[in-house]
Amino acid sequence: MTHSGGPGSVLIIVPAYNEEGAVGGVIAEIQATVPGVPVLVIDDCSEDATIVTARAAGAEILPLPHHLGLGGAVQAGYKLAFELGYEYVIRLDGDGQHDPRDIPVVLDTLRSSGCEMVIGSRYIEEDSNHTSFLRSVGIRFFRLVLRPILGKPVLDPTSGFVGVNRAALQVFSKSFPLEYPEIEALVVLKRRAFRFIEVPCRVRPRAAGMSTITPVRSVYYIVHVLLGVLVNILRFESRRWRR
């Protein structure tokens with residue numbers, strides 16, 4: 001990257017896989033909302049023109065050598081941001097569903113609250129119309145599962161619109177769930193006694209392409225994440241008993 005971090009510095013990361021139809025517009029909206037803030041697209045071995053489109057739109061590119069999945073792509077961005085000294089990182093997906101005009105709300109809350117993570121939530125002001133029935137059921141299920149673990153409610157545990165500070169970056173650069181990471185990341189934060197807060201954000205239909213979360217993968221998602229949450233809890237309890 002041509003940019004580097006420092007006190008108060010901000011980096012926007014956009015994990016992307018086959019998003020040539022949407023990523024250019026996402027980058028343009030980010031630049032219009034927070035001009036001068038660097039945008040890093042983490043390309044997860046796309047098979048289309050995602051890299052060409054993102055570079056033409058003015059983003060810097062981190063091309064991954066192998067397809068790692070969403071969690072691997074996000075962790076690669078976090079790791080680079082931490083090594084370059086960035087203090088804050090805002091992540092939003094490359095499909096256009098997140099409205100970049102909400103970036104200042106996430107960033108201002110991250111700076112003023114002292115929380116390690118700020119989640120852009122679709123459900124604070126109203127339910128989203130752009131979530132499938134199965135995913136909506138899964139979100140409600142994980143709200144119930146996470147409530148006693150986190151000690152507080154979380155309305156949008158699967159949100160991909162997230163801001164983190166340097167303390168969280170340090171943790172996530174070393175340990176981050178590689179697949180469907182959002183829910184497990186909250187449990188990782190809890191193990192560290194870190195805090196999170198939700199702020200309202202807008203959501204839109206995908207600008208292009210199709211979601212990889214099919215009905216069959218929705219079931220797999222629920223089982224996989226449950227196992228990940230269980231493993232994180234067992235690790236936490238094991239370390240606590242060894243002290």
# chains A, B, ... in the order shown; residues from 1 in each chain; ligands from 1
$ residues_around --residues "A:Tyr88" --least-positions-apart "5" --cutoff "9 Å" --atoms "only C-alpha atoms" --output "JSON, numbers by chain"
{"A": [8, 9, 10, 11, 12, 81, 107, 110, 111, 163, 164, 165, 166, 169]}
$ closest_atom_pairs --of "stretch 70-189 of chain A" --to "stretch 34-39 of chain A" --cutoff "9 Å" --atoms "only C-alpha atoms" --output "tab-separated table"
residue	atom	partner	partner_atom	distance
A:Pro100	CA	A:Val34	CA	8.8
A:Arg101	CA	A:Val34	CA	8.5
A:Ile103	CA	A:Val34	CA	7.9
A:Pro104	CA	A:Val34	CA	7.7
$ write_last_selection --atoms "C-alpha atoms" --output "mmCIF file, in the first residue's frame"
data_model
loop_
_atom_site.group_PDB
_atom_site.id
_atom_site.type_symbol
_atom_site.label_atom_id
_atom_site.label_comp_id
_atom_site.auth_asym_id
_atom_site.auth_seq_id
_atom_site.Cartn_x
_atom_site.Cartn_y
_atom_site.Cartn_z
ATOM 1 C CA PRO A 100 -21.232 3.976 2.634
ATOM 2 C CA ARG A 101 -22.979 7.151 3.809
ATOM 3 C CA ILE A 103 -19.436 5.172 7.546
ATOM 4 C CA PRO A 104 -19.168 8.468 9.511
#
$ atom_distance --atom1 "atom CA of A:Cys115" --atom2 "atom CA of A:Ala193"
10.7 Å
$ closest_residue --among "A:Gly160, A:Gly58, A:Gly72, A:Pro205" --to "A:Gln97" --atoms "only C-alpha atoms"
A:Pro205
$ select_by_dssp --residues "stretch 92-158 of chain A" --states "alpha helix (DSSP H)" --output "PyMOL selection string"
chain A and resi 103-113+133-150
$ atom_distance --atom1 "atom CA of A:Asp43" --atom2 "atom CA of A:Ala73"
7.4 Å
$ closest_atom_pairs --of "stretch 37-126 of chain A" --to "stretch 175-185 of chain A" --cutoff "8 Å" --atoms "only C-alpha atoms" --output "Markdown table"
| residue | atom | partner | partner_atom | distance |
| --- | --- | --- | --- | --- |
| A:Leu68 | CA | A:Leu178 | CA | 7.4 |
| A:Gly69 | CA | A:Glu179 | CA | 6.1 |
| A:Leu70 | CA | A:Glu179 | CA | 6.0 |
| A:Gly71 | CA | A:Leu178 | CA | 3.9 |
| A:Gly72 | CA | A:Leu178 | CA | 4.8 |
| A:Gln75 | CA | A:Phe176 | CA | 6.2 |
$ closest_residue --among "A:Arg204, A:Arg91, A:His67, A:Arg191" --to "A:Val41" --atoms "only C-alpha atoms"
A:Arg91
$ closest_residue --among "A:Leu80, A:Val171, A:Ala54, A:Leu189" --to "A:Met117" --atoms "only C-alpha atoms"
A:Leu189
$ select_by_dssp --residues "stretch 8-229 of chain A" --states "strand (DSSP E or B)" --output "ChimeraX atom specification"
/A:8-16,39-43,60-63,86-91,98,117-121,162-165,196-200,203
$ write_last_selection --atoms "N, CA and C atoms" --output "compact mmCIF listing (two decimals), in the first residue's frame"
# COMPACT_ATOMS: atom_id res chain seq x y z
N GLY A 8 -4.99 8.17 14.99
CA GLY A 8 -6.21 8.68 14.38
C GLY A 8 -6.46 8.23 12.96
N SER A 9 -5.57 7.42 12.39
CA SER A 9 -5.70 7.03 10.98
C SER A 9 -6.83 6.02 10.77
N VAL A 10 -7.41 6.07 9.57
CA VAL A 10 -8.55 5.23 9.23
C VAL A 10 -8.29 4.54 7.90
N LEU A 11 -8.65 3.27 7.84
CA LEU A 11 -8.60 2.50 6.60
C LEU A 11 -9.95 1.84 6.38
N ILE A 12 -10.45 1.91 5.15
CA ILE A 12 -11.67 1.20 4.77
C ILE A 12 -11.26 -0.07 4.04
N ILE A 13 -11.74 -1.23 4.50
CA ILE A 13 -11.44 -2.47 3.78
C ILE A 13 -12.73 -3.05 3.20
N VAL A 14 -12.58 -3.60 2.00
CA VAL A 14 -13.72 -4.16 1.28
C VAL A 14 -13.34 -5.56 0.79
N PRO A 15 -13.72 -6.61 1.53
CA PRO A 15 -13.47 -7.96 1.02
C PRO A 15 -14.38 -8.22 -0.17
N ALA A 16 -13.83 -8.84 -1.21
CA ALA A 16 -14.62 -9.02 -2.43
C ALA A 16 -14.26 -10.33 -3.11
N VAL A 39 -8.90 3.26 0.62
CA VAL A 39 -9.80 2.12 0.47
C VAL A 39 -8.97 0.93 -0.02
N LEU A 40 -9.05 -0.17 0.71
CA LEU A 40 -8.31 -1.39 0.36
C LEU A 40 -9.31 -2.50 0.03
N VAL A 41 -9.27 -2.98 -1.20
CA VAL A 41 -10.09 -4.12 -1.61
C VAL A 41 -9.26 -5.38 -1.45
N ILE A 42 -9.76 -6.31 -0.66
CA ILE A 42 -9.09 -7.61 -0.51
C ILE A 42 -9.75 -8.57 -1.46
N ASP A 43 -9.05 -8.92 -2.54
CA ASP A 43 -9.63 -9.79 -3.56
C ASP A 43 -9.33 -11.24 -3.24
N GLU A 60 -6.87 0.65 -3.55
CA GLU A 60 -5.68 -0.19 -3.52
C GLU A 60 -6.13 -1.63 -3.37
N ILE A 61 -5.30 -2.56 -3.84
CA ILE A 61 -5.71 -3.95 -3.93
C ILE A 61 -4.76 -4.83 -3.12
N LEU A 62 -5.35 -5.73 -2.34
CA LEU A 62 -4.59 -6.81 -1.70
C LEU A 62 -5.08 -8.11 -2.33
N PRO A 63 -4.36 -8.65 -3.34
CA PRO A 63 -4.80 -9.90 -3.97
C PRO A 63 -4.32 -11.11 -3.17
N TYR A 86 -2.49 1.40 11.41
CA TYR A 86 -3.79 2.07 11.42
C TYR A 86 -4.47 1.94 12.78
N GLU A 87 -5.17 2.98 13.17
CA GLU A 87 -5.86 2.97 14.46
C GLU A 87 -7.29 2.49 14.34
N TYR A 88 -7.95 2.79 13.22
CA TYR A 88 -9.33 2.37 13.01
C TYR A 88 -9.49 1.74 11.62
N VAL A 89 -10.28 0.68 11.57
CA VAL A 89 -10.61 0.05 10.30
C VAL A 89 -12.12 -0.13 10.21
N ILE A 90 -12.69 0.29 9.10
CA ILE A 90 -14.11 0.07 8.82
C ILE A 90 -14.20 -0.95 7.70
N ARG A 91 -14.97 -1.99 7.93
CA ARG A 91 -15.17 -3.01 6.91
C ARG A 91 -16.60 -2.97 6.40
N HIS A 98 -24.38 -2.46 1.80
CA HIS A 98 -24.15 -1.46 2.84
C HIS A 98 -24.06 -0.08 2.22
N MET A 117 -15.35 -2.46 19.15
CA MET A 117 -16.05 -2.76 17.91
C MET A 117 -17.36 -2.00 17.84
N VAL A 118 -17.69 -1.50 16.65
CA VAL A 118 -18.99 -0.88 16.39
C VAL A 118 -19.63 -1.62 15.22
N ILE A 119 -20.86 -2.07 15.42
CA ILE A 119 -21.58 -2.84 14.40
C ILE A 119 -22.66 -1.98 13.77
N GLY A 120 -22.65 -1.91 12.45
CA GLY A 120 -23.74 -1.26 11.74
C GLY A 120 -24.92 -2.20 11.65
N SER A 121 -25.98 -1.92 12.39
CA SER A 121 -27.10 -2.85 12.53
C SER A 121 -28.28 -2.47 11.64
N VAL A 162 -18.76 -3.26 9.88
CA VAL A 162 -18.16 -3.29 11.22
C VAL A 162 -16.96 -2.35 11.27
N GLY A 163 -16.84 -1.64 12.39
CA GLY A 163 -15.65 -0.84 12.65
C GLY A 163 -14.92 -1.39 13.86
N VAL A 164 -13.59 -1.42 13.81
CA VAL A 164 -12.79 -1.89 14.94
C VAL A 164 -11.66 -0.90 15.21
N ASN A 165 -11.21 -0.87 16.48
CA ASN A 165 -10.07 -0.02 16.83
C ASN A 165 -8.79 -0.85 16.88
N PHE A 196 -18.58 -3.97 22.55
CA PHE A 196 -19.10 -3.60 21.24
C PHE A 196 -20.38 -2.81 21.44
N ILE A 197 -20.74 -2.07 20.41
CA ILE A 197 -21.97 -1.29 20.42
C ILE A 197 -22.55 -1.33 19.01
N GLU A 198 -23.88 -1.26 18.90
CA GLU A 198 -24.53 -1.24 17.59
C GLU A 198 -25.07 0.16 17.28
N VAL A 199 -24.98 0.53 16.01
CA VAL A 199 -25.56 1.79 15.55
C VAL A 199 -26.42 1.47 14.33
N PRO A 200 -27.45 2.26 14.08
CA PRO A 200 -28.31 1.97 12.93
C PRO A 200 -27.60 2.23 11.61
N VAL A 203 -29.59 -0.66 4.68
CA VAL A 203 -29.22 -1.80 3.86
C VAL A 203 -30.02 -1.74 2.57
$ atom_distance --atom1 "atom CA of A:Asp102" --atom2 "atom CA of A:Cys201"
6.0 Å
